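So this one's start_4.tsv, TSV, C-alpha atoms:
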chain	number	residue	atom	x	y	z
L	386	MET	CA	81.69	115.68	118.80
L	387	SER	CA	84.04	118.26	117.28
L	388	ARG	CA	82.76	121.43	115.65
L	389	ARG	CA	83.97	120.23	112.26
L	390	ALA	CA	82.05	116.98	112.68
L	391	GLU	CA	78.92	118.86	113.77
L	392	ARG	CA	79.04	120.96	110.59
L	393	ILE	CA	78.85	117.84	108.41
L	394	THR	CA	75.34	117.17	107.12
L	395	SER	CA	76.35	115.52	103.84
L	396	VAL	CA	79.33	114.15	101.95
L	397	ALA	CA	79.55	117.51	100.18
L	398	ASP	CA	79.89	119.26	103.55
L	399	ALA	CA	82.62	116.83	104.54
L	400	LEU	CA	84.46	117.53	101.29
L	401	HIS	CA	84.28	121.26	102.00
L	402	GLU	CA	85.66	120.80	105.53
L	403	ALA	CA	88.40	118.44	104.32
L	404	ARG	CA	89.56	121.00	101.77
L	405	ARG	CA	89.86	123.56	104.57
L	406	ARG	CA	92.01	121.23	106.70
L	407	LEU	CA	94.32	119.34	104.32
L	408	PRO	CA	97.27	120.60	102.26
L	409	ARG	CA	96.21	121.05	98.65
L	410	SER	CA	98.35	118.26	97.19
L	411	ILE	CA	97.08	115.68	99.70
L	412	MET	CA	93.51	116.80	99.10
L	413	HIS	CA	94.02	116.34	95.37
L	414	GLN	CA	95.34	112.85	96.05
L	415	ILE	CA	92.25	111.72	97.98
L	416	GLU	CA	89.65	113.69	96.03
L	417	ASN	CA	90.56	113.20	92.40
L	418	GLY	CA	89.81	110.25	90.18
L	419	ALA	CA	91.78	109.18	87.14
L	420	GLY	CA	92.31	111.22	84.00
L	421	ALA	CA	89.47	113.57	83.10
L	422	MET	CA	87.33	111.90	85.83
L	423	GLN	CA	84.83	110.63	83.27
L	424	THR	CA	84.30	107.39	85.17
L	425	HIS	CA	84.21	109.11	88.55
L	426	ASP	CA	81.53	111.49	87.34
L	427	ALA	CA	79.61	108.74	85.51
L	428	ASN	CA	79.45	106.73	88.76
L	429	VAL	CA	77.77	109.60	90.59
L	430	ARG	CA	75.55	110.46	87.64
L	431	SER	CA	74.32	106.87	87.30
L	432	PHE	CA	72.61	107.13	90.68
L	433	GLU	CA	70.98	110.41	89.68
L	434	GLU	CA	69.55	108.78	86.56
L	435	VAL	CA	67.80	105.96	88.47
L	436	LEU	CA	64.63	107.26	90.16
L	437	PHE	CA	62.42	105.86	92.92
L	438	ARG	CA	58.84	104.61	92.66
L	439	PRO	CA	57.52	105.37	96.19
L	440	ARG	CA	54.71	103.40	97.85
L	441	HIS	CA	52.54	106.05	99.49
L	442	GLY	CA	49.94	105.47	102.18
L	443	VAL	CA	51.84	102.54	103.73
L	444	TRP	CA	52.40	102.51	107.50
L	445	THR	CA	55.79	101.14	108.57
L	446	GLU	CA	56.18	101.68	112.30
L	447	HIS	CA	59.55	99.95	112.48
L	448	ARG	CA	62.12	99.49	109.73
L	449	ASP	CA	65.10	97.14	109.81
L	450	GLN	CA	68.13	97.90	107.64
L	451	GLY	CA	69.98	94.78	108.73
L	452	THR	CA	71.47	92.35	106.23
L	453	THR	CA	73.54	89.17	106.25
L	454	VAL	CA	76.87	89.11	104.40
L	455	LEU	CA	79.22	86.13	104.44
L	456	GLY	CA	77.40	84.79	107.48
L	457	HIS	CA	77.72	88.03	109.45
L	458	ARG	CA	74.45	89.56	110.59
L	459	LEU	CA	74.91	93.32	110.18
L	460	ARG	CA	72.77	96.14	111.54
L	461	THR	CA	73.44	98.26	108.47
L	462	PRO	CA	74.40	97.37	104.87
L	463	LEU	CA	77.41	99.71	104.93
L	464	ILE	CA	81.01	98.74	104.19
L	465	ALA	CA	84.02	100.99	104.75
L	466	SER	CA	85.80	100.19	101.48
L	467	SER	CA	89.57	99.87	101.48
L	468	ILE	CA	91.57	103.08	101.07
L	469	GLY	CA	95.32	103.12	101.53
L	470	ALA	CA	97.48	105.23	103.83
L	471	LEU	CA	94.64	106.84	105.80
L	472	ARG	CA	97.05	108.29	108.35
L	473	ILE	CA	98.07	110.93	105.83
L	474	ALA	CA	94.49	112.24	106.00
L	475	HIS	CA	94.04	112.06	109.79
L	476	PRO	CA	95.92	110.44	112.70
L	477	ASP	CA	92.77	108.49	113.69
L	478	ALA	CA	93.35	106.56	110.45
L	479	GLU	CA	92.24	102.94	110.02
L	480	PRO	CA	91.56	102.20	113.72
L	481	GLY	CA	89.21	105.18	113.90
L	482	VAL	CA	87.33	103.91	110.87
L	483	ALA	CA	87.23	100.40	112.38
L	484	ARG	CA	85.62	101.68	115.57
L	485	ALA	CA	83.12	103.88	113.73
L	486	ILE	CA	81.94	101.36	111.12
L	487	GLY	CA	81.86	98.58	113.74
L	488	ASP	CA	79.69	100.60	116.11
L	489	ALA	CA	77.38	101.44	113.19
L	490	GLY	CA	77.01	97.71	112.54
L	491	GLY	CA	78.91	97.40	109.25
L	492	ILE	CA	82.06	95.85	107.75
L	493	GLN	CA	85.56	97.22	107.18
L	494	PHE	CA	87.82	96.40	104.23
L	495	VAL	CA	91.47	97.22	105.02
L	496	ALA	CA	93.88	98.09	102.21
L	497	GLY	CA	97.09	96.14	101.79
L	498	VAL	CA	98.75	99.56	101.70
L	499	THR	CA	97.33	100.45	105.11
L	500	SER	CA	99.25	102.96	107.22
L	501	THR	CA	98.42	100.96	110.39
L	502	PRO	CA	99.44	97.37	111.20
L	503	ILE	CA	96.57	94.93	110.76
L	504	GLU	CA	96.88	93.86	114.41
L	505	GLU	CA	96.00	97.36	115.63
L	506	ILE	CA	93.04	97.62	113.26
L	507	VAL	CA	91.53	94.28	114.26
L	508	ALA	CA	92.06	95.13	117.93
L	509	ALA	CA	90.11	98.38	117.44
L	510	ALA	CA	87.36	96.79	115.34
L	511	ARG	CA	83.84	96.16	116.63
L	512	GLY	CA	82.78	94.27	113.50
L	513	PRO	CA	84.11	92.09	110.67
L	514	VAL	CA	87.44	93.05	109.05
L	515	TYR	CA	88.61	91.85	105.62
L	516	PHE	CA	92.16	92.44	104.37
L	517	GLN	CA	92.53	93.55	100.73
L	518	LEU	CA	95.53	92.17	98.86
L	519	TYR	CA	98.11	94.01	96.77
L	520	TYR	CA	101.61	93.21	95.64
L	521	THR	CA	103.77	95.79	97.40
L	522	GLY	CA	107.35	94.94	96.57
L	523	GLY	CA	107.89	91.60	98.28
L	524	GLY	CA	106.50	89.35	95.56
L	525	ARG	CA	104.40	86.28	96.31
L	526	GLU	CA	106.48	85.44	99.35
L	527	GLY	CA	105.95	88.89	100.82
L	528	LEU	CA	102.23	88.75	100.11
L	529	SER	CA	102.08	85.33	101.78
L	530	ALA	CA	103.70	86.86	104.88
L	531	ALA	CA	101.09	89.63	104.92
L	532	ILE	CA	98.26	87.08	104.58
L	533	GLU	CA	99.68	85.06	107.48
L	534	ARG	CA	99.80	88.19	109.65
L	535	ALA	CA	96.18	89.06	108.77
L	536	LYS	CA	95.17	85.51	109.68
L	537	ARG	CA	96.99	85.59	113.03
L	538	ALA	CA	95.56	89.03	113.81
L	539	GLY	CA	92.01	87.68	113.51
L	540	ALA	CA	90.86	89.14	110.20
L	541	ASP	CA	87.71	87.48	108.86
L	542	GLY	CA	88.94	86.93	105.30
L	543	LEU	CA	90.55	88.47	102.24
L	544	VAL	CA	89.57	90.81	99.43
L	545	PHE	CA	91.07	89.86	96.07
L	546	CYS	CA	91.17	93.01	93.93
L	547	ILE	CA	91.23	92.24	90.20
L	548	ASP	CA	91.16	95.79	88.83
L	549	SER	CA	94.37	97.26	90.28
L	550	VAL	CA	96.84	97.01	87.43
L	551	ILE	CA	99.87	98.96	86.15
L	552	GLY	CA	100.33	101.35	89.09
L	553	HIS	CA	98.88	103.92	91.43
L	554	THR	CA	95.80	105.93	90.60
L	555	PRO	CA	96.56	107.77	87.34
L	556	PRO	CA	96.69	111.48	88.10
L	557	ARG	CA	93.75	113.70	87.33
L	558	ALA	CA	94.34	115.86	84.29
L	559	LEU	CA	94.51	119.14	86.22
L	560	PRO	CA	95.50	122.39	84.52
L	561	ILE	CA	99.12	123.19	85.30
L	562	GLY	CA	98.18	126.18	87.45
L	563	GLU	CA	96.07	124.01	89.78
L	564	ARG	CA	98.64	121.28	90.41
L	565	ALA	CA	100.30	121.00	93.81
L	566	TYR	CA	103.51	119.26	94.82
L	567	LEU	CA	103.14	116.01	96.79
L	568	PRO	CA	106.30	114.79	98.58
L	569	GLY	CA	107.44	111.29	97.69
L	570	SER	CA	109.73	110.72	100.67
L	571	ALA	CA	110.54	111.97	104.16
L	572	GLY	CA	113.74	113.79	103.19
L	573	LEU	CA	114.61	117.38	104.07
L	574	THR	CA	114.51	118.57	100.46
L	575	GLU	CA	111.02	117.16	100.01
L	576	ALA	CA	109.86	118.74	103.27
L	577	VAL	CA	111.14	122.18	102.22
L	578	ARG	CA	109.26	121.97	98.93
L	579	PHE	CA	106.13	120.93	100.81
L	580	LEU	CA	106.49	123.65	103.47
L	581	PRO	CA	104.35	126.39	101.81
L	582	GLN	CA	101.33	124.05	101.76
L	583	ILE	CA	101.91	122.98	105.38
L	584	LEU	CA	102.00	126.55	106.66
L	585	THR	CA	98.53	127.25	105.29
L	586	ARG	CA	97.08	124.15	107.01
L	587	PRO	CA	98.28	124.24	110.65
L	588	ALA	CA	95.47	121.97	111.91
L	589	TRP	CA	96.62	119.17	109.62
L	590	LEU	CA	100.28	119.69	110.55
L	591	LEU	CA	99.50	119.62	114.28
L	592	GLY	CA	97.50	116.42	113.90
L	593	PHE	CA	100.23	114.85	111.80
L	594	LEU	CA	102.88	115.63	114.40
L	595	ARG	CA	100.72	114.62	117.37
L	596	GLY	CA	99.89	111.35	115.66
L	597	ARG	CA	103.62	110.68	115.22
L	598	ALA	CA	102.81	109.81	111.65
L	599	ARG	CA	105.52	108.21	109.58
L	600	LEU	CA	105.72	107.50	105.89
L	601	GLU	CA	105.50	103.73	106.01
L	602	LEU	CA	103.35	100.85	104.84
L	603	PRO	CA	103.56	98.30	107.69
L	604	MET	CA	101.87	95.49	105.74
L	605	ALA	CA	104.25	95.75	102.78
L	606	LEU	CA	106.48	92.81	103.67
L	607	TYR	CA	109.41	90.74	102.52
L	608	ALA	CA	109.26	86.95	102.72
L	609	ASP	CA	110.82	86.96	106.22
L	610	GLY	CA	108.11	89.32	107.49
L	611	SER	CA	110.33	92.39	107.65
L	612	GLN	CA	108.92	95.65	106.32
L	613	VAL	CA	109.64	96.92	102.81
L	614	PRO	CA	110.89	100.54	103.05
L	615	PHE	CA	108.23	103.08	102.14
L	616	GLU	CA	109.92	104.51	99.06
L	617	LEU	CA	110.66	101.05	97.66
L	618	ALA	CA	107.15	99.78	98.40
L	619	ARG	CA	105.63	102.89	96.84
L	620	ALA	CA	107.82	102.60	93.75
L	621	SER	CA	107.33	98.87	93.26
L	622	ALA	CA	103.66	98.57	94.25
L	623	TYR	CA	101.58	97.21	91.40
L	624	GLU	CA	104.59	96.40	89.22
L	625	ARG	CA	102.91	93.05	89.43
L	626	TRP	CA	99.18	92.72	89.95
L	627	LEU	CA	96.86	89.95	91.03
L	628	ASP	CA	95.35	87.70	88.38
L	629	TRP	CA	92.96	84.78	88.54
L	630	LYS	CA	95.78	82.23	88.85
L	631	ASP	CA	96.85	83.82	92.14
L	632	LEU	CA	93.62	82.67	93.79
L	633	GLU	CA	94.87	79.08	93.71
L	634	TRP	CA	98.01	79.64	95.80
L	635	ILE	CA	96.30	82.21	98.07
L	636	ARG	CA	93.94	79.44	99.19
L	637	GLU	CA	96.99	77.36	100.07
L	638	VAL	CA	98.16	80.15	102.39
L	639	TRP	CA	94.74	80.72	103.98
L	640	ASN	CA	91.57	78.88	102.98
L	641	CYS	CA	89.25	81.65	104.18
L	642	PRO	CA	86.28	83.53	102.68
L	643	ILE	CA	87.63	85.47	99.69
L	644	ILE	CA	85.82	88.44	98.15
L	645	VAL	CA	86.62	89.24	94.51
L	646	LYS	CA	86.45	93.00	94.00
L	647	GLY	CA	86.36	94.87	90.69
L	648	VAL	CA	83.76	92.76	88.88
L	649	LEU	CA	81.93	94.59	86.07
L	650	SER	CA	80.48	91.84	83.91
L	651	ALA	CA	78.42	88.67	84.10
L	652	GLU	CA	81.43	86.72	82.82
L	653	GLU	CA	83.68	87.93	85.64
L	654	GLY	CA	80.93	87.15	88.14
L	655	ARG	CA	80.65	83.58	86.91
L	656	ARG	CA	84.43	83.21	86.91
L	657	ALA	CA	84.53	84.32	90.55
L	658	VAL	CA	81.91	81.67	91.41
L	659	SER	CA	83.94	79.01	89.61
L	660	ALA	CA	87.08	80.12	91.45
L	661	GLY	CA	85.37	79.57	94.80
L	662	ALA	CA	84.82	83.19	95.81
L	663	ALA	CA	82.47	83.78	98.74
L	664	ALA	CA	81.34	87.14	97.37
L	665	VAL	CA	82.00	89.65	94.61
L	666	VAL	CA	82.07	93.44	94.69
L	667	VAL	CA	80.69	95.18	91.61
L	668	SER	CA	83.07	98.12	91.41
L	669	ASN	CA	85.26	100.19	89.09
L	670	HIS	CA	87.48	101.34	91.98
L	671	GLY	CA	85.55	104.58	92.30
L	672	GLY	CA	86.79	105.79	88.92
L	673	ASN	CA	90.40	105.59	90.12
L	674	ARG	CA	91.79	103.28	87.48
L	675	LEU	CA	91.03	103.32	83.74
L	676	ASP	CA	89.20	106.54	82.96
L	677	GLY	CA	86.39	105.91	80.49
L	678	THR	CA	85.40	102.62	82.18
L	679	ILE	CA	81.66	101.96	82.39
L	680	PRO	CA	79.92	103.13	85.59
L	681	ALA	CA	79.45	100.38	88.14
L	682	LEU	CA	75.73	100.73	88.89
L	683	PRO	CA	74.37	99.62	85.46
L	684	ALA	CA	76.62	96.53	85.70
L	685	LEU	CA	75.14	95.47	89.04
L	686	PRO	CA	71.89	93.79	87.82
L	687	LYS	CA	73.83	91.85	85.18
L	688	VAL	CA	76.23	90.42	87.75
L	689	VAL	CA	73.37	89.62	90.15
L	690	ALA	CA	71.54	87.75	87.39
L	691	ALA	CA	74.70	85.84	86.48
L	692	VAL	CA	75.61	84.60	89.97
L	693	GLY	CA	72.09	84.17	91.36
L	694	ASP	CA	72.04	83.08	94.99
L	695	GLU	CA	75.33	81.19	94.78
L	696	ILE	CA	77.42	83.95	96.37
L	697	ASP	CA	76.84	87.38	97.90
L	698	VAL	CA	76.97	90.39	95.58
L	699	LEU	CA	78.29	93.62	97.10
L	700	PHE	CA	78.68	97.04	95.48
L	701	ASP	CA	80.74	100.20	95.58
L	702	SER	CA	81.66	103.22	93.39
L	703	GLY	CA	79.88	106.57	93.30
L	704	VAL	CA	77.84	106.20	96.51
L	705	ARG	CA	77.22	109.58	98.14
L	706	THR	CA	73.88	109.29	100.01
L	707	GLY	CA	71.64	106.90	101.91
L	708	PRO	CA	69.19	106.77	98.98
L	709	ASP	CA	72.11	105.70	96.76
L	710	VAL	CA	72.63	102.73	99.07
L	711	VAL	CA	68.95	101.81	98.82
L	712	LYS	CA	69.08	101.97	95.02
L	713	ALA	CA	72.02	99.57	94.90
L	714	ILE	CA	70.28	97.14	97.25
L	715	ALA	CA	67.08	97.33	95.20
L	716	LEU	CA	69.20	96.26	92.21
L	717	GLY	CA	70.47	93.21	94.09
L	718	ALA	CA	73.43	94.19	96.29
L	719	LYS	CA	73.56	92.68	99.79
L	720	ALA	CA	75.75	95.52	101.14
L	721	VAL	CA	77.25	98.72	99.79
L	722	GLY	CA	80.72	100.19	100.15
L	723	LEU	CA	81.58	103.79	100.96
L	724	GLY	CA	84.90	105.20	99.79
L	725	ARG	CA	85.17	108.95	99.41
L	726	ALA	CA	81.94	109.15	101.40
L	727	TYR	CA	83.84	108.26	104.59
L	728	LEU	CA	87.31	109.45	103.52
L	729	TYR	CA	86.23	113.09	103.35
L	730	PRO	CA	84.68	113.07	106.86
L	731	LEU	CA	87.79	111.29	108.19
L	732	ALA	CA	90.02	113.94	106.62
L	733	ALA	CA	87.79	116.70	107.98
L	734	ALA	CA	87.20	115.52	111.54
L	735	GLY	CA	88.76	112.12	112.16
L	736	GLU	CA	86.78	109.30	113.75
L	737	ALA	CA	84.10	111.76	114.86
L	738	GLY	CA	83.57	112.77	111.23
L	739	VAL	CA	83.22	109.15	110.14
L	740	ARG	CA	80.70	108.49	112.93
L	741	ARG	CA	78.75	111.56	111.89
L	742	ILE	CA	78.48	110.57	108.22
L	743	LEU	CA	77.52	106.99	109.12
L	744	GLU	CA	74.71	108.32	111.33
L	745	ILE	CA	73.49	110.39	108.39
L	746	PHE	CA	73.63	107.40	106.02
L	747	CYS	CA	71.76	105.14	108.44
L	748	ARG	CA	69.11	107.80	109.08
L	749	ASP	CA	68.60	108.41	105.37
L	750	ILE	CA	68.43	104.68	104.57
L	751	ASP	CA	65.71	104.38	107.21
L	752	HIS	CA	63.76	107.34	105.81
L	753	THR	CA	64.04	106.01	102.26
L	754	LEU	CA	62.65	102.64	103.34
L	755	ALA	CA	59.70	104.47	104.90
L	756	TYR	CA	58.97	106.40	101.71
L	757	LEU	CA	59.13	103.17	99.71
L	758	GLY	CA	56.74	101.41	102.09
L	759	CYS	CA	59.29	98.78	103.13
L	760	THR	CA	60.00	97.45	106.60
L	761	SER	CA	63.29	95.78	105.64
L	762	LEU	CA	65.94	95.69	102.94
L	763	ASP	CA	64.69	92.24	101.89
L	764	GLN	CA	61.52	93.83	100.52
L	765	LEU	CA	63.42	96.05	98.07
L	766	GLY	CA	63.50	95.15	94.39
L	767	PRO	CA	63.80	96.64	90.90
L	768	ASP	CA	60.08	97.47	90.96
L	769	HIS	CA	60.90	100.23	93.45
L	770	LEU	CA	62.99	101.97	90.79
L	771	GLU	CA	62.44	103.70	87.47
L	772	PRO	CA	65.42	102.95	85.23
L	773	PRO	CA	66.91	105.78	83.19
L	774	ALA	CA	64.99	106.55	80.00
L	775	ARG	CA	66.80	105.57	76.86
L	776	SER	CA	67.61	108.36	74.47
L	777	PRO	CA	65.71	108.01	71.20
L	778	THR	CA	67.73	106.64	68.34
L	779	ARG	CA	68.73	109.34	65.95
L	780	HIS	CA	68.50	108.85	62.20
L	781	ASP	CA	70.55	111.59	60.61
L	782	GLY	CA	70.91	109.92	57.25
L	783	PRO	CA	74.03	108.36	55.78
L	784	ARG	CA	77.38	109.75	56.76
L	785	SER	CA	79.69	111.01	54.11
Rendering of file as structure tokens:
Amino acid sequence: MSRRAERITSVADALHEARRRLPRSIMHQIENGAGAMQTHDANVRSFEEVLFRPRHGVWTEHRDQGTTVLGHRLRTPLIASSIGALRIAHPDAEPGVARAIGDAGGIQFVAGVTSTPIEEIVAAARGPVYFQLYYTGGGREGLSAAIERAKRAGADGLVFCIDSVIGHTPPRALPIGERAYLPGSAGLTEAVRFLPQILTRPAWLLGFLRGRARLELPMALYADGSQVPFELARASAYERWLDWKDLEWIREVWNCPIIVKGVLSAEEGRRAVSAGAAAVVVSNHGGNRLDGTIPALPALPKVVAAVGDEIDVLFDSGVRTGPDVVKAIALGAKAVGLGRAYLYPLAAAGEAGVRRILEIFCRDIDHTLAYLGCTSLDQLGPDHLEPPARSPTRHDGPRS
């Protein structure tokens, strides 16, 4: 294990190490949420506001954190949520994440804007892999070609993301003095403007060059299966976004298990059931879309109540610790996605960093189960939690 990986004892440590390794503009890209980061911060805060009710004096010699999702028996309830273009963070990229999460016993979601072909990711995987769909410049025909490739590669199903609209993550509202230039192409002029940041981060530059990284999105395809050029794919991505009607023709391309991601209400949960989804992910995209959106955690019990046992309910957004995972499962999730929680370790120390943080999560999930007096995730429920206290209603008299 590398020294950087050894120094990681938490997601906060990984963030610190990633900031030391990556150029500032790239770090801003992977660290920041949308706008003023209200939703990003509310996601994290929502876990802090839900407290545990431990069961003391209970002996649990062995604890099992296994779960079953979409028919897969997992050793841990962890999902590596989809994040695009991981090669810009570290040359280990998506295959490194696939090996790490598979060996930990979890699931990988791969972004449609992956920086690695799906065939290489599935070949590296030691567990289930689901391919997340986006329009990336080739229209329906191009997306059909990408789905066919994922199917041939051996992916286990698709993730249908309903909350990615308009465009890329809206930029964080940073003060002008803190902003850093991010190149939009591989041209010489762009490289010269980026050079001052590169020179202060030689470890990142060396890894980038050794990894023979290129600015490309290999799963952004035209109808004939050829690759959409990076700049065109980047510019046109999300000009059109997925809507519920797209589920119908997607099933014609590949009638596989489909996970609907981005659900935040009972109504959307029921609609996913009606549309034939195999699972839903309660998520607000980690606070990376519409700033001011409700945090995901309070929405989880409502979606669970709405769909019952008809389909699996998964969760992501704001997860930073093993106890966070346990809280989400106690509220009804079958498995829990990590986003920034594995992206920072990847950026800091590559595959070794991801392995390190997954070990920490699994250890802390186990310890939390012990404190709660549970021998398995199946024994968790809302009675193990104290919901946030409601603020008293204020009566300040009539307003003028």
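Proximity of L:Thr753, L:Thr452, L:Thr445, L:Ser466 to Val666 of chain L, computed with only C-alpha atoms, is greatest for L:Ser466.
Minimum atom-to-atom distance to Gly512 of chain L, evaluated using all atoms listed in the file, belongs to L:Ile492 out of L:Val658, L:Ile492, L:Ala691, L:Ile635.
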**Prompt:** Using only C-alpha atoms, which residues sit within 12 Å of Thr678 of chain L once same-chain residues fewer than 2 positions away are excluded, as a VMD selection string?
**Reply:** chain L and resid 418 to 428 548 647 649 to 650 668 to 676 680 to 684 702
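Shortest atom-to-atom contact with Pro408 of chain L among L:Ala540, L:Glu744, L:Trp589, L:Thr453: L:Trp589, counting only C-alpha atoms.
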**Message:** Restricting the calculation to all atoms listed in the file: of L:Leu606, L:Leu528, L:Ile547, L:Val711, which residue gets closest to Arg656 of chain L?
**Reply:** L:Ile547
**Message:** For segment 721-726 of chain L, find every residue with an atom within 7 Å (counting only C-alpha atoms), except residues of its own chain fewer than 2 positions away, and show them as a VMD selection string.
**Reply:** chain L and resid 396 462 to 466 699 to 701 704 to 705 710 718 728 to 729
**Request:** List every protein, DNA or RNA residue that has at least one atom no more than 12 Å from (88.1, 84.1, 104.1) in the file's coordinates, counting all atoms listed in the file, and write the result as JSON, numbers by chain.
**Result:** {"L": [455, 456, 513, 514, 515, 516, 517, 532, 535, 536, 539, 540, 541, 542, 543, 544, 545, 632, 635, 636, 637, 638, 639, 640, 641, 642, 643, 644, 645, 661, 662, 663, 664]}
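When only C-alpha atoms are used to compute distances to Leu743 of chain L, the closest of the residues L:Asp477, L:Asp488, L:Glu771, L:Glu416 turns out to be L:Asp488.
Distance check against Leu716 of chain L using all atoms listed in the file: of L:Pro767, L:Gly469, L:Pro772, L:Gly677, the minimum falls on L:Pro767.
Put simply, atom CA of Arg392 of chain L is 9.4 Å away from atom CA of Gly738 of chain L.
A search radius of 10 Å centred on (90.5, 93.7, 116.9), applied to only C-alpha atoms, returns the residues L:Pro480, L:Ala483, L:Arg484, L:Ile503, L:Glu504, L:Glu505, L:Ile506, L:Val507, L:Ala508, L:Ala509, L:Ala510, L:Arg511, L:Gly512, L:Pro513, L:Val514, L:Ala538, L:Gly539, L:Ala540.
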**Asked** What is the atom CA of Ala733 of chain L-atom CA of Arg430 of chain L distance in Å, reported with one decimal?
**Response** 24.5 Å
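The interatomic distance for the pair atom CA of Ala690 of chain L and atom CA of Val454 of chain L works out to 17.9 Å.
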Given 5 Å of margin on each side, can you work out the centre and size in Å (one decimal) of an axis-aligned box holding every listed atom of segment 398-413 of chain L, as AutoDock Vina command-line options?
--center_x 89.1 --center_y 119.6 --center_z 101.0 --size_x 28.5 --size_y 17.9 --size_z 21.3
